file protein.txt (compact mmCIF, N, CA, C and O atoms)
# COMPACT_ATOMS: atom_id res chain seq x y z
N PRO A 1 8.47 -79.36 2.06
CA PRO A 1 7.19 -79.03 2.66
C PRO A 1 6.03 -79.53 1.81
O PRO A 1 6.15 -79.61 0.60
N VAL A 2 4.94 -79.82 2.46
CA VAL A 2 3.73 -80.26 1.78
C VAL A 2 2.79 -79.06 1.68
O VAL A 2 2.51 -78.40 2.67
N HIS A 3 2.34 -78.79 0.47
CA HIS A 3 1.42 -77.68 0.25
C HIS A 3 0.08 -78.24 -0.18
O HIS A 3 0.02 -79.12 -1.04
N CYS A 4 -0.99 -77.76 0.39
CA CYS A 4 -2.31 -78.18 -0.05
C CYS A 4 -3.28 -77.03 0.19
O CYS A 4 -3.18 -76.31 1.17
N ARG A 5 -4.19 -76.88 -0.74
CA ARG A 5 -5.16 -75.80 -0.64
C ARG A 5 -6.58 -76.32 -0.57
O ARG A 5 -7.47 -75.58 -0.19
N GLY A 6 -6.81 -77.56 -0.98
CA GLY A 6 -8.18 -78.06 -0.99
C GLY A 6 -9.03 -77.34 -2.01
O GLY A 6 -10.24 -77.21 -1.83
N SER A 7 -8.41 -76.89 -3.10
CA SER A 7 -9.13 -76.08 -4.08
C SER A 7 -9.84 -76.90 -5.15
O SER A 7 -10.67 -76.36 -5.88
N GLU A 8 -9.54 -78.19 -5.25
CA GLU A 8 -10.23 -79.03 -6.23
C GLU A 8 -11.63 -79.35 -5.72
O GLU A 8 -11.81 -79.66 -4.54
N SER A 9 -12.61 -79.31 -6.60
CA SER A 9 -13.96 -79.70 -6.19
C SER A 9 -13.99 -81.19 -5.89
O SER A 9 -13.17 -81.95 -6.41
N LEU A 10 -14.92 -81.61 -5.05
CA LEU A 10 -15.03 -83.03 -4.74
C LEU A 10 -15.27 -83.88 -5.98
O LEU A 10 -14.66 -84.94 -6.12
N PRO A 11 -16.13 -83.47 -6.92
CA PRO A 11 -16.27 -84.26 -8.15
C PRO A 11 -14.96 -84.39 -8.93
O PRO A 11 -14.68 -85.44 -9.51
N THR A 12 -14.13 -83.35 -8.91
CA THR A 12 -12.84 -83.43 -9.58
C THR A 12 -11.93 -84.43 -8.88
O THR A 12 -11.26 -85.24 -9.54
N VAL A 13 -11.90 -84.41 -7.56
CA VAL A 13 -11.08 -85.37 -6.80
C VAL A 13 -11.54 -86.79 -7.09
O VAL A 13 -10.72 -87.68 -7.35
N ILE A 14 -12.85 -87.02 -7.08
CA ILE A 14 -13.38 -88.36 -7.35
C ILE A 14 -13.06 -88.78 -8.78
O ILE A 14 -12.74 -89.93 -9.05
N GLY A 15 -13.11 -87.84 -9.71
CA GLY A 15 -12.73 -88.15 -11.09
C GLY A 15 -11.28 -88.58 -11.18
O GLY A 15 -10.95 -89.54 -11.90
N LYS A 16 -10.40 -87.92 -10.45
CA LYS A 16 -8.99 -88.30 -10.45
C LYS A 16 -8.80 -89.66 -9.78
O LYS A 16 -8.00 -90.48 -10.22
N CYS A 17 -9.56 -89.91 -8.71
CA CYS A 17 -9.52 -91.22 -8.06
C CYS A 17 -9.94 -92.31 -9.05
O CYS A 17 -9.34 -93.39 -9.08
N SER A 18 -10.94 -92.03 -9.84
CA SER A 18 -11.41 -93.00 -10.84
C SER A 18 -10.32 -93.29 -11.87
O SER A 18 -10.17 -94.44 -12.31
N GLN A 19 -9.55 -92.28 -12.24
CA GLN A 19 -8.43 -92.49 -13.17
C GLN A 19 -7.39 -93.43 -12.54
O GLN A 19 -6.89 -94.34 -13.21
N TYR A 20 -7.06 -93.19 -11.27
CA TYR A 20 -6.12 -94.08 -10.59
C TYR A 20 -6.67 -95.50 -10.52
O TYR A 20 -5.96 -96.47 -10.73
N GLU A 21 -7.96 -95.62 -10.22
CA GLU A 21 -8.58 -96.94 -10.10
C GLU A 21 -8.55 -97.67 -11.45
O GLU A 21 -8.23 -98.87 -11.50
N ARG A 22 -8.85 -96.98 -12.54
CA ARG A 22 -8.79 -97.61 -13.86
C ARG A 22 -7.38 -98.07 -14.18
O ARG A 22 -7.17 -99.16 -14.71
N TYR A 23 -6.41 -97.25 -13.85
CA TYR A 23 -5.01 -97.61 -14.10
C TYR A 23 -4.62 -98.84 -13.27
O TYR A 23 -3.99 -99.76 -13.77
N ARG A 24 -5.04 -98.87 -12.00
CA ARG A 24 -4.74 -100.02 -11.15
C ARG A 24 -5.34 -101.29 -11.72
O ARG A 24 -4.69 -102.34 -11.76
N ARG A 25 -6.57 -101.21 -12.21
CA ARG A 25 -7.26 -102.39 -12.74
C ARG A 25 -6.60 -102.91 -14.03
O ARG A 25 -6.73 -104.10 -14.33
N ARG A 26 -5.91 -102.06 -14.76
CA ARG A 26 -5.21 -102.52 -15.96
C ARG A 26 -4.08 -103.47 -15.60
O ARG A 26 -3.72 -104.35 -16.39
N GLY A 27 -3.47 -103.30 -14.43
CA GLY A 27 -2.44 -104.21 -13.98
C GLY A 27 -1.05 -103.97 -14.52
O GLY A 27 -0.12 -104.72 -14.18
N SER A 28 -0.85 -102.96 -15.33
CA SER A 28 0.47 -102.75 -15.92
C SER A 28 1.51 -102.37 -14.87
O SER A 28 2.66 -102.80 -14.94
N GLU A 29 1.14 -101.58 -13.90
CA GLU A 29 2.08 -101.20 -12.84
C GLU A 29 2.48 -102.43 -12.02
O GLU A 29 3.65 -102.63 -11.70
N GLN A 30 1.49 -103.26 -11.69
CA GLN A 30 1.76 -104.46 -10.91
C GLN A 30 2.65 -105.43 -11.70
O GLN A 30 3.50 -106.11 -11.13
N ALA A 31 2.44 -105.50 -13.01
CA ALA A 31 3.25 -106.39 -13.85
C ALA A 31 4.71 -105.93 -13.86
O ALA A 31 5.63 -106.75 -13.92
N THR A 32 4.92 -104.62 -13.81
CA THR A 32 6.27 -104.07 -13.85
C THR A 32 6.96 -104.12 -12.49
O THR A 32 8.10 -104.54 -12.39
N SER A 33 6.24 -103.70 -11.45
CA SER A 33 6.88 -103.56 -10.14
C SER A 33 6.41 -104.58 -9.10
O SER A 33 7.00 -104.67 -8.04
N GLY A 34 5.34 -105.28 -9.39
CA GLY A 34 4.81 -106.26 -8.45
C GLY A 34 3.82 -105.70 -7.45
O GLY A 34 3.21 -106.45 -6.70
N VAL A 35 3.67 -104.40 -7.42
CA VAL A 35 2.73 -103.77 -6.48
C VAL A 35 2.08 -102.56 -7.15
O VAL A 35 2.55 -102.07 -8.17
N PHE A 36 1.01 -102.10 -6.54
CA PHE A 36 0.43 -100.83 -6.94
C PHE A 36 0.43 -99.93 -5.72
O PHE A 36 -0.12 -100.30 -4.68
N PRO A 37 1.05 -98.76 -5.79
CA PRO A 37 1.14 -97.90 -4.61
C PRO A 37 -0.21 -97.29 -4.25
O PRO A 37 -1.07 -97.11 -5.10
N ARG A 38 -0.38 -97.02 -2.98
CA ARG A 38 -1.58 -96.30 -2.55
C ARG A 38 -1.47 -94.86 -3.01
O ARG A 38 -0.39 -94.31 -3.18
N VAL A 39 -2.62 -94.24 -3.17
CA VAL A 39 -2.71 -92.84 -3.57
C VAL A 39 -2.97 -92.03 -2.31
O VAL A 39 -3.90 -92.34 -1.55
N VAL A 40 -2.16 -91.02 -2.07
CA VAL A 40 -2.31 -90.19 -0.88
C VAL A 40 -2.78 -88.80 -1.28
O VAL A 40 -2.17 -88.14 -2.12
N TRP A 41 -3.89 -88.38 -0.68
CA TRP A 41 -4.40 -87.03 -0.84
C TRP A 41 -4.05 -86.27 0.43
O TRP A 41 -4.41 -86.69 1.53
N VAL A 42 -3.36 -85.15 0.30
CA VAL A 42 -3.05 -84.29 1.44
C VAL A 42 -4.00 -83.10 1.35
O VAL A 42 -3.99 -82.36 0.38
N VAL A 43 -4.83 -82.98 2.37
CA VAL A 43 -5.87 -81.95 2.40
C VAL A 43 -5.60 -80.98 3.54
O VAL A 43 -4.89 -81.33 4.49
N PRO A 44 -6.15 -79.77 3.48
CA PRO A 44 -5.77 -78.76 4.46
C PRO A 44 -6.25 -78.98 5.90
O PRO A 44 -5.63 -78.49 6.83
N ASP A 45 -7.35 -79.71 6.09
CA ASP A 45 -7.86 -79.85 7.45
C ASP A 45 -8.71 -81.11 7.58
O ASP A 45 -8.99 -81.80 6.59
N GLU A 46 -9.12 -81.41 8.80
CA GLU A 46 -9.88 -82.62 9.07
C GLU A 46 -11.28 -82.60 8.45
O GLU A 46 -11.81 -83.65 8.10
N ILE A 47 -11.87 -81.44 8.31
CA ILE A 47 -13.19 -81.34 7.67
C ILE A 47 -13.09 -81.82 6.23
O ILE A 47 -13.87 -82.65 5.77
N ARG A 48 -12.11 -81.31 5.52
CA ARG A 48 -11.90 -81.73 4.12
C ARG A 48 -11.52 -83.21 4.08
O ARG A 48 -11.98 -83.94 3.19
N GLN A 49 -10.75 -83.67 5.02
CA GLN A 49 -10.36 -85.07 5.09
C GLN A 49 -11.60 -85.97 5.19
O GLN A 49 -11.72 -86.95 4.46
N ARG A 50 -12.51 -85.62 6.07
CA ARG A 50 -13.74 -86.41 6.22
C ARG A 50 -14.59 -86.36 4.96
O ARG A 50 -15.17 -87.37 4.55
N ARG A 51 -14.68 -85.20 4.33
CA ARG A 51 -15.49 -85.08 3.11
C ARG A 51 -14.93 -85.91 1.96
O ARG A 51 -15.68 -86.61 1.27
N VAL A 52 -13.63 -85.84 1.75
CA VAL A 52 -13.02 -86.61 0.66
C VAL A 52 -13.16 -88.10 0.95
O VAL A 52 -13.54 -88.88 0.06
N ALA A 53 -12.90 -88.51 2.18
CA ALA A 53 -13.03 -89.94 2.53
C ALA A 53 -14.46 -90.43 2.32
O ALA A 53 -14.67 -91.53 1.79
N ALA A 54 -15.44 -89.64 2.71
CA ALA A 54 -16.84 -90.03 2.54
C ALA A 54 -17.20 -90.17 1.06
O ALA A 54 -17.90 -91.11 0.66
N GLU A 55 -16.72 -89.26 0.24
CA GLU A 55 -17.00 -89.32 -1.20
C GLU A 55 -16.36 -90.55 -1.84
O GLU A 55 -16.96 -91.20 -2.69
N ILE A 56 -15.15 -90.86 -1.42
CA ILE A 56 -14.48 -92.05 -1.95
C ILE A 56 -15.24 -93.31 -1.54
O ILE A 56 -15.48 -94.20 -2.37
N ARG A 57 -15.64 -93.40 -0.28
CA ARG A 57 -16.40 -94.56 0.18
C ARG A 57 -17.74 -94.70 -0.54
O ARG A 57 -18.21 -95.80 -0.80
N ALA A 58 -18.35 -93.57 -0.88
CA ALA A 58 -19.66 -93.59 -1.52
C ALA A 58 -19.59 -93.94 -3.01
O ALA A 58 -20.58 -94.37 -3.60
N ALA A 59 -18.42 -93.75 -3.61
CA ALA A 59 -18.27 -94.02 -5.05
C ALA A 59 -18.26 -95.52 -5.29
O ALA A 59 -17.45 -96.24 -4.72
N ARG A 60 -19.14 -95.99 -6.12
CA ARG A 60 -19.28 -97.44 -6.36
C ARG A 60 -18.11 -98.05 -7.10
O ARG A 60 -17.84 -99.23 -6.98
N ASN A 61 -17.41 -97.26 -7.88
CA ASN A 61 -16.35 -97.79 -8.72
C ASN A 61 -14.96 -97.71 -8.08
O ASN A 61 -13.97 -98.02 -8.72
N LEU A 62 -14.89 -97.28 -6.82
CA LEU A 62 -13.59 -97.10 -6.18
C LEU A 62 -13.37 -98.08 -5.04
O LEU A 62 -14.28 -98.34 -4.26
N ASP A 63 -12.16 -98.59 -4.96
CA ASP A 63 -11.73 -99.39 -3.81
C ASP A 63 -11.13 -98.41 -2.81
O ASP A 63 -10.01 -97.91 -3.01
N ALA A 64 -11.84 -98.12 -1.73
CA ALA A 64 -11.41 -97.11 -0.76
C ALA A 64 -10.06 -97.43 -0.15
O ALA A 64 -9.33 -96.53 0.28
N ASP A 65 -9.67 -98.71 -0.15
CA ASP A 65 -8.39 -99.09 0.43
C ASP A 65 -7.20 -98.60 -0.41
O ASP A 65 -6.09 -98.53 0.08
N LEU A 66 -7.45 -98.22 -1.64
CA LEU A 66 -6.39 -97.71 -2.51
C LEU A 66 -5.95 -96.31 -2.09
O LEU A 66 -4.83 -95.90 -2.38
N PHE A 67 -6.80 -95.59 -1.38
CA PHE A 67 -6.57 -94.17 -1.09
C PHE A 67 -6.35 -93.91 0.39
O PHE A 67 -6.96 -94.55 1.24
N ARG A 68 -5.49 -92.95 0.67
CA ARG A 68 -5.29 -92.45 2.02
C ARG A 68 -5.47 -90.94 1.94
O ARG A 68 -4.95 -90.30 1.02
N ILE A 69 -6.18 -90.39 2.90
CA ILE A 69 -6.41 -88.95 2.96
C ILE A 69 -5.84 -88.47 4.28
O ILE A 69 -6.18 -88.99 5.34
N THR A 70 -4.95 -87.49 4.20
CA THR A 70 -4.27 -87.02 5.40
C THR A 70 -4.15 -85.50 5.38
O THR A 70 -4.35 -84.87 4.33
N THR A 71 -3.82 -84.95 6.51
CA THR A 71 -3.56 -83.51 6.63
C THR A 71 -2.04 -83.30 6.66
O THR A 71 -1.29 -84.24 6.92
N PRO A 72 -1.58 -82.08 6.42
CA PRO A 72 -0.13 -81.85 6.47
C PRO A 72 0.49 -82.26 7.81
O PRO A 72 1.59 -82.81 7.84
N GLY A 73 -0.22 -82.06 8.89
CA GLY A 73 0.30 -82.42 10.20
C GLY A 73 0.48 -83.91 10.41
O GLY A 73 1.32 -84.33 11.21
N ASP A 74 -0.31 -84.73 9.71
CA ASP A 74 -0.23 -86.18 9.85
C ASP A 74 0.51 -86.87 8.70
O ASP A 74 0.68 -88.08 8.71
N PHE A 75 0.96 -86.09 7.74
CA PHE A 75 1.57 -86.65 6.54
C PHE A 75 2.83 -87.46 6.87
O PHE A 75 3.00 -88.58 6.40
N ALA A 76 3.72 -86.92 7.70
CA ALA A 76 4.95 -87.62 8.04
C ALA A 76 4.65 -88.94 8.74
O ALA A 76 5.29 -89.96 8.47
N ARG A 77 3.67 -88.94 9.63
CA ARG A 77 3.31 -90.17 10.34
C ARG A 77 2.78 -91.21 9.36
O ARG A 77 3.09 -92.39 9.46
N LEU A 78 1.99 -90.78 8.39
CA LEU A 78 1.48 -91.70 7.37
C LEU A 78 2.64 -92.33 6.59
O LEU A 78 2.68 -93.55 6.39
N LEU A 79 3.59 -91.52 6.19
CA LEU A 79 4.73 -92.04 5.45
C LEU A 79 5.59 -92.99 6.29
O LEU A 79 6.18 -93.92 5.75
N ALA A 80 5.59 -92.76 7.59
CA ALA A 80 6.37 -93.61 8.49
C ALA A 80 5.65 -94.91 8.82
O ALA A 80 6.18 -95.75 9.53
N GLY A 81 4.45 -95.07 8.30
CA GLY A 81 3.72 -96.30 8.50
C GLY A 81 2.61 -96.24 9.51
O GLY A 81 1.99 -97.25 9.81
N GLY A 82 2.33 -95.06 10.03
CA GLY A 82 1.22 -94.92 10.96
C GLY A 82 -0.09 -94.74 10.23
O GLY A 82 -0.14 -94.66 9.01
N SER A 83 -1.16 -94.69 10.97
CA SER A 83 -2.46 -94.47 10.33
C SER A 83 -2.74 -92.98 10.27
O SER A 83 -2.37 -92.22 11.17
N ALA A 84 -3.36 -92.58 9.20
CA ALA A 84 -3.74 -91.18 9.05
C ALA A 84 -5.01 -91.12 8.24
O ALA A 84 -5.34 -91.99 7.50
call {"tool": "encode", "arguments": {"input": "protein.txt", "output": "structure tokens"}}
result
Amino acid sequence: PVHCRGSESLPTVIGKCSQYERYRRRGSEQATSGVFPRVVWVVPDEIRQRRVAAEIRAARNLDADLFRITTPGDFARLLAGGSA
């Protein structure tokens, strides 16, 4: 099961996104595996989904394509290759 509470503040989420972005830019993962995986945030509802997505898009230092934000109900579809 996927558990999510949405308890992290938006600045904390963006800070964690920045850590992933810095790691991606170093290229060590790509050198080892040839790819860098997308980061998936599972949030409790569509309101939180829209808020997190908007904050990621607004952050100047983040490539929004690196991140996917989904709800528990759409998580399986995202993993199966659908859009979420």
call {"tool": "residues_around", "arguments": {"input": "protein.txt", "residues": "A:Phe67", "least_positions_apart": "2", "cutoff": "8 Å", "atoms": "all atoms listed in the file", "output": "list in words"}}
result
Pro37, Arg38, Val39, Val40, Trp41, Ala53, Leu62, Asp63, Ala64, Asp65, Ile69, Thr70 and Ala84 of chain A
call {"tool": "atom_distance", "arguments": {"input": "protein.txt", "atom1": "atom CA of A:Ser18", "atom2": "atom CA of A:Arg77"}}
result
25.9 Å
call {"tool": "residues_around", "arguments": {"input": "protein.txt", "residues": "A:Asn61", "least_positions_apart": "3", "cutoff": "7 Å", "atoms": "all atoms listed in the file", "output": "MDAnalysis selection string"}}
result
chainID A and resid 17:18 21:22 56 58
call {"tool": "select_by_dssp", "arguments": {"input": "protein.txt", "residues": "chain A", "states": "helix (DSSP H, G or I)", "output": "PyMOL selection string"}}
result
chain A and resi 10-26+28-33+46-58+64-66+72-79
call {"tool": "decode", "arguments": {"input": "protein.txt", "residues": "stretch 48-81 of chain A", "atoms": "N, CA and C atoms", "output": "PDB file, in the first residue's frame"}}
result
ATOM      1  N   ARG A  48      -3.425  19.077  -3.181  1.00  0.00           N
ATOM      2  CA  ARG A  48      -1.993  19.020  -2.854  1.00  0.00           C
ATOM      3  C   ARG A  48      -1.178  18.741  -4.122  1.00  0.00           C
ATOM      4  N   GLN A  49      -1.685  17.917  -4.995  1.00  0.00           N
ATOM      5  CA  GLN A  49      -1.013  17.611  -6.251  1.00  0.00           C
ATOM      6  C   GLN A  49      -0.786  18.892  -7.061  1.00  0.00           C
ATOM      7  N   ARG A  50      -1.818  19.699  -7.187  1.00  0.00           N
ATOM      8  CA  ARG A  50      -1.690  20.958  -7.933  1.00  0.00           C
ATOM      9  C   ARG A  50      -0.722  21.915  -7.260  1.00  0.00           C
ATOM     10  N   ARG A  51      -0.753  21.980  -5.938  1.00  0.00           N
ATOM     11  CA  ARG A  51       0.147  22.886  -5.213  1.00  0.00           C
ATOM     12  C   ARG A  51       1.611  22.487  -5.375  1.00  0.00           C
ATOM     13  N   VAL A  52       1.899  21.211  -5.219  1.00  0.00           N
ATOM     14  CA  VAL A  52       3.279  20.746  -5.354  1.00  0.00           C
ATOM     15  C   VAL A  52       3.757  20.959  -6.787  1.00  0.00           C
ATOM     16  N   ALA A  53       2.921  20.617  -7.760  1.00  0.00           N
ATOM     17  CA  ALA A  53       3.306  20.803  -9.172  1.00  0.00           C
ATOM     18  C   ALA A  53       3.576  22.272  -9.476  1.00  0.00           C
ATOM     19  N   ALA A  54       2.751  23.161  -8.970  1.00  0.00           N
ATOM     20  CA  ALA A  54       2.939  24.598  -9.216  1.00  0.00           C
ATOM     21  C   ALA A  54       4.242  25.090  -8.590  1.00  0.00           C
ATOM     22  N   GLU A  55       4.558  24.632  -7.401  1.00  0.00           N
ATOM     23  CA  GLU A  55       5.799  25.041  -6.736  1.00  0.00           C
ATOM     24  C   GLU A  55       7.022  24.535  -7.491  1.00  0.00           C
ATOM     25  N   ILE A  56       6.949  23.321  -7.985  1.00  0.00           N
ATOM     26  CA  ILE A  56       8.064  22.774  -8.759  1.00  0.00           C
ATOM     27  C   ILE A  56       8.249  23.575 -10.041  1.00  0.00           C
ATOM     28  N   ARG A  57       7.160  23.865 -10.744  1.00  0.00           N
ATOM     29  CA  ARG A  57       7.257  24.655 -11.977  1.00  0.00           C
ATOM     30  C   ARG A  57       7.800  26.054 -11.718  1.00  0.00           C
ATOM     31  N   ALA A  58       7.469  26.624 -10.572  1.00  0.00           N
ATOM     32  CA  ALA A  58       7.892  27.985 -10.245  1.00  0.00           C
ATOM     33  C   ALA A  58       9.356  28.064  -9.811  1.00  0.00           C
ATOM     34  N   ALA A  59       9.910  26.945  -9.363  1.00  0.00           N
ATOM     35  CA  ALA A  59      11.301  26.944  -8.881  1.00  0.00           C
ATOM     36  C   ALA A  59      12.248  27.050 -10.071  1.00  0.00           C
ATOM     37  N   ARG A  60      13.102  28.024 -10.053  1.00  0.00           N
ATOM     38  CA  ARG A  60      14.009  28.282 -11.184  1.00  0.00           C
ATOM     39  C   ARG A  60      15.075  27.216 -11.359  1.00  0.00           C
ATOM     40  N   ASN A  61      15.432  26.545 -10.293  1.00  0.00           N
ATOM     41  CA  ASN A  61      16.540  25.594 -10.353  1.00  0.00           C
ATOM     42  C   ASN A  61      16.092  24.155 -10.612  1.00  0.00           C
ATOM     43  N   LEU A  62      14.800  23.941 -10.876  1.00  0.00           N
ATOM     44  CA  LEU A  62      14.299  22.583 -11.044  1.00  0.00           C
ATOM     45  C   LEU A  62      13.820  22.328 -12.466  1.00  0.00           C
ATOM     46  N   ASP A  63      14.136  21.144 -12.968  1.00  0.00           N
ATOM     47  CA  ASP A  63      13.588  20.671 -14.233  1.00  0.00           C
ATOM     48  C   ASP A  63      12.301  19.922 -13.888  1.00  0.00           C
ATOM     49  N   ALA A  64      11.149  20.520 -14.167  1.00  0.00           N
ATOM     50  CA  ALA A  64       9.866  19.942 -13.778  1.00  0.00           C
ATOM     51  C   ALA A  64       9.645  18.559 -14.375  1.00  0.00           C
ATOM     52  N   ASP A  65      10.313  18.261 -15.489  1.00  0.00           N
ATOM     53  CA  ASP A  65      10.141  16.953 -16.120  1.00  0.00           C
ATOM     54  C   ASP A  65      10.748  15.821 -15.288  1.00  0.00           C
ATOM     55  N   LEU A  66      11.602  16.148 -14.347  1.00  0.00           N
ATOM     56  CA  LEU A  66      12.213  15.141 -13.485  1.00  0.00           C
ATOM     57  C   LEU A  66      11.212  14.573 -12.482  1.00  0.00           C
ATOM     58  N   PHE A  67      10.147  15.311 -12.198  1.00  0.00           N
ATOM     59  CA  PHE A  67       9.227  14.967 -11.116  1.00  0.00           C
ATOM     60  C   PHE A  67       7.841  14.600 -11.627  1.00  0.00           C
ATOM     61  N   ARG A  68       7.217  13.666 -10.947  1.00  0.00           N
ATOM     62  CA  ARG A  68       5.827  13.316 -11.181  1.00  0.00           C
ATOM     63  C   ARG A  68       5.131  13.403  -9.836  1.00  0.00           C
ATOM     64  N   ILE A  69       3.953  13.994  -9.829  1.00  0.00           N
ATOM     65  CA  ILE A  69       3.173  14.123  -8.602  1.00  0.00           C
ATOM     66  C   ILE A  69       1.859  13.404  -8.850  1.00  0.00           C
ATOM     67  N   THR A  70       1.536  12.466  -7.973  1.00  0.00           N
ATOM     68  CA  THR A  70       0.340  11.658  -8.165  1.00  0.00           C
ATOM     69  C   THR A  70      -0.372  11.438  -6.839  1.00  0.00           C
ATOM     70  N   THR A  71      -1.591  10.978  -6.924  1.00  0.00           N
ATOM     71  CA  THR A  71      -2.374  10.615  -5.742  1.00  0.00           C
ATOM     72  C   THR A  71      -2.342   9.091  -5.594  1.00  0.00           C
ATOM     73  N   PRO A  72      -2.682   8.577  -4.421  1.00  0.00           N
ATOM     74  CA  PRO A  72      -2.682   7.119  -4.255  1.00  0.00           C
ATOM     75  C   PRO A  72      -3.567   6.410  -5.290  1.00  0.00           C
ATOM     76  N   GLY A  73      -4.678   7.006  -5.647  1.00  0.00           N
ATOM     77  CA  GLY A  73      -5.581   6.394  -6.611  1.00  0.00           C
ATOM     78  C   GLY A  73      -5.004   6.289  -8.011  1.00  0.00           C
ATOM     79  N   ASP A  74      -4.077   7.189  -8.363  1.00  0.00           N
ATOM     80  CA  ASP A  74      -3.474   7.190  -9.697  1.00  0.00           C
ATOM     81  C   ASP A  74      -2.067   6.600  -9.728  1.00  0.00           C
ATOM     82  N   PHE A  75      -1.569   6.193  -8.574  1.00  0.00           N
ATOM     83  CA  PHE A  75      -0.193   5.723  -8.481  1.00  0.00           C
ATOM     84  C   PHE A  75       0.060   4.495  -9.361  1.00  0.00           C
ATOM     85  N   ALA A  76      -0.828   3.505  -9.306  1.00  0.00           N
ATOM     86  CA  ALA A  76      -0.640   2.292 -10.100  1.00  0.00           C
ATOM     87  C   ALA A  76      -0.633   2.612 -11.592  1.00  0.00           C
ATOM     88  N   ARG A  77      -1.506   3.508 -12.021  1.00  0.00           N
ATOM     89  CA  ARG A  77      -1.546   3.887 -13.435  1.00  0.00           C
ATOM     90  C   ARG A  77      -0.243   4.564 -13.847  1.00  0.00           C
ATOM     91  N   LEU A  78       0.296   5.409 -12.981  1.00  0.00           N
ATOM     92  CA  LEU A  78       1.574   6.061 -13.268  1.00  0.00           C
ATOM     93  C   LEU A  78       2.676   5.021 -13.441  1.00  0.00           C
ATOM     94  N   LEU A  79       2.732   4.060 -12.553  1.00  0.00           N
ATOM     95  CA  LEU A  79       3.752   3.019 -12.645  1.00  0.00           C
ATOM     96  C   LEU A  79       3.584   2.159 -13.896  1.00  0.00           C
ATOM     97  N   ALA A  80       2.349   2.030 -14.349  1.00  0.00           N
ATOM     98  CA  ALA A  80       2.079   1.221 -15.534  1.00  0.00           C
ATOM     99  C   ALA A  80       2.359   1.993 -16.825  1.00  0.00           C
ATOM    100  N   GLY A  81       2.754   3.246 -16.683  1.00  0.00           N
ATOM    101  CA  GLY A  81       3.107   4.025 -17.851  1.00  0.00           C
ATOM    102  C   GLY A  81       2.089   5.036 -18.289  1.00  0.00           C
TER     103      GLY A  81
END
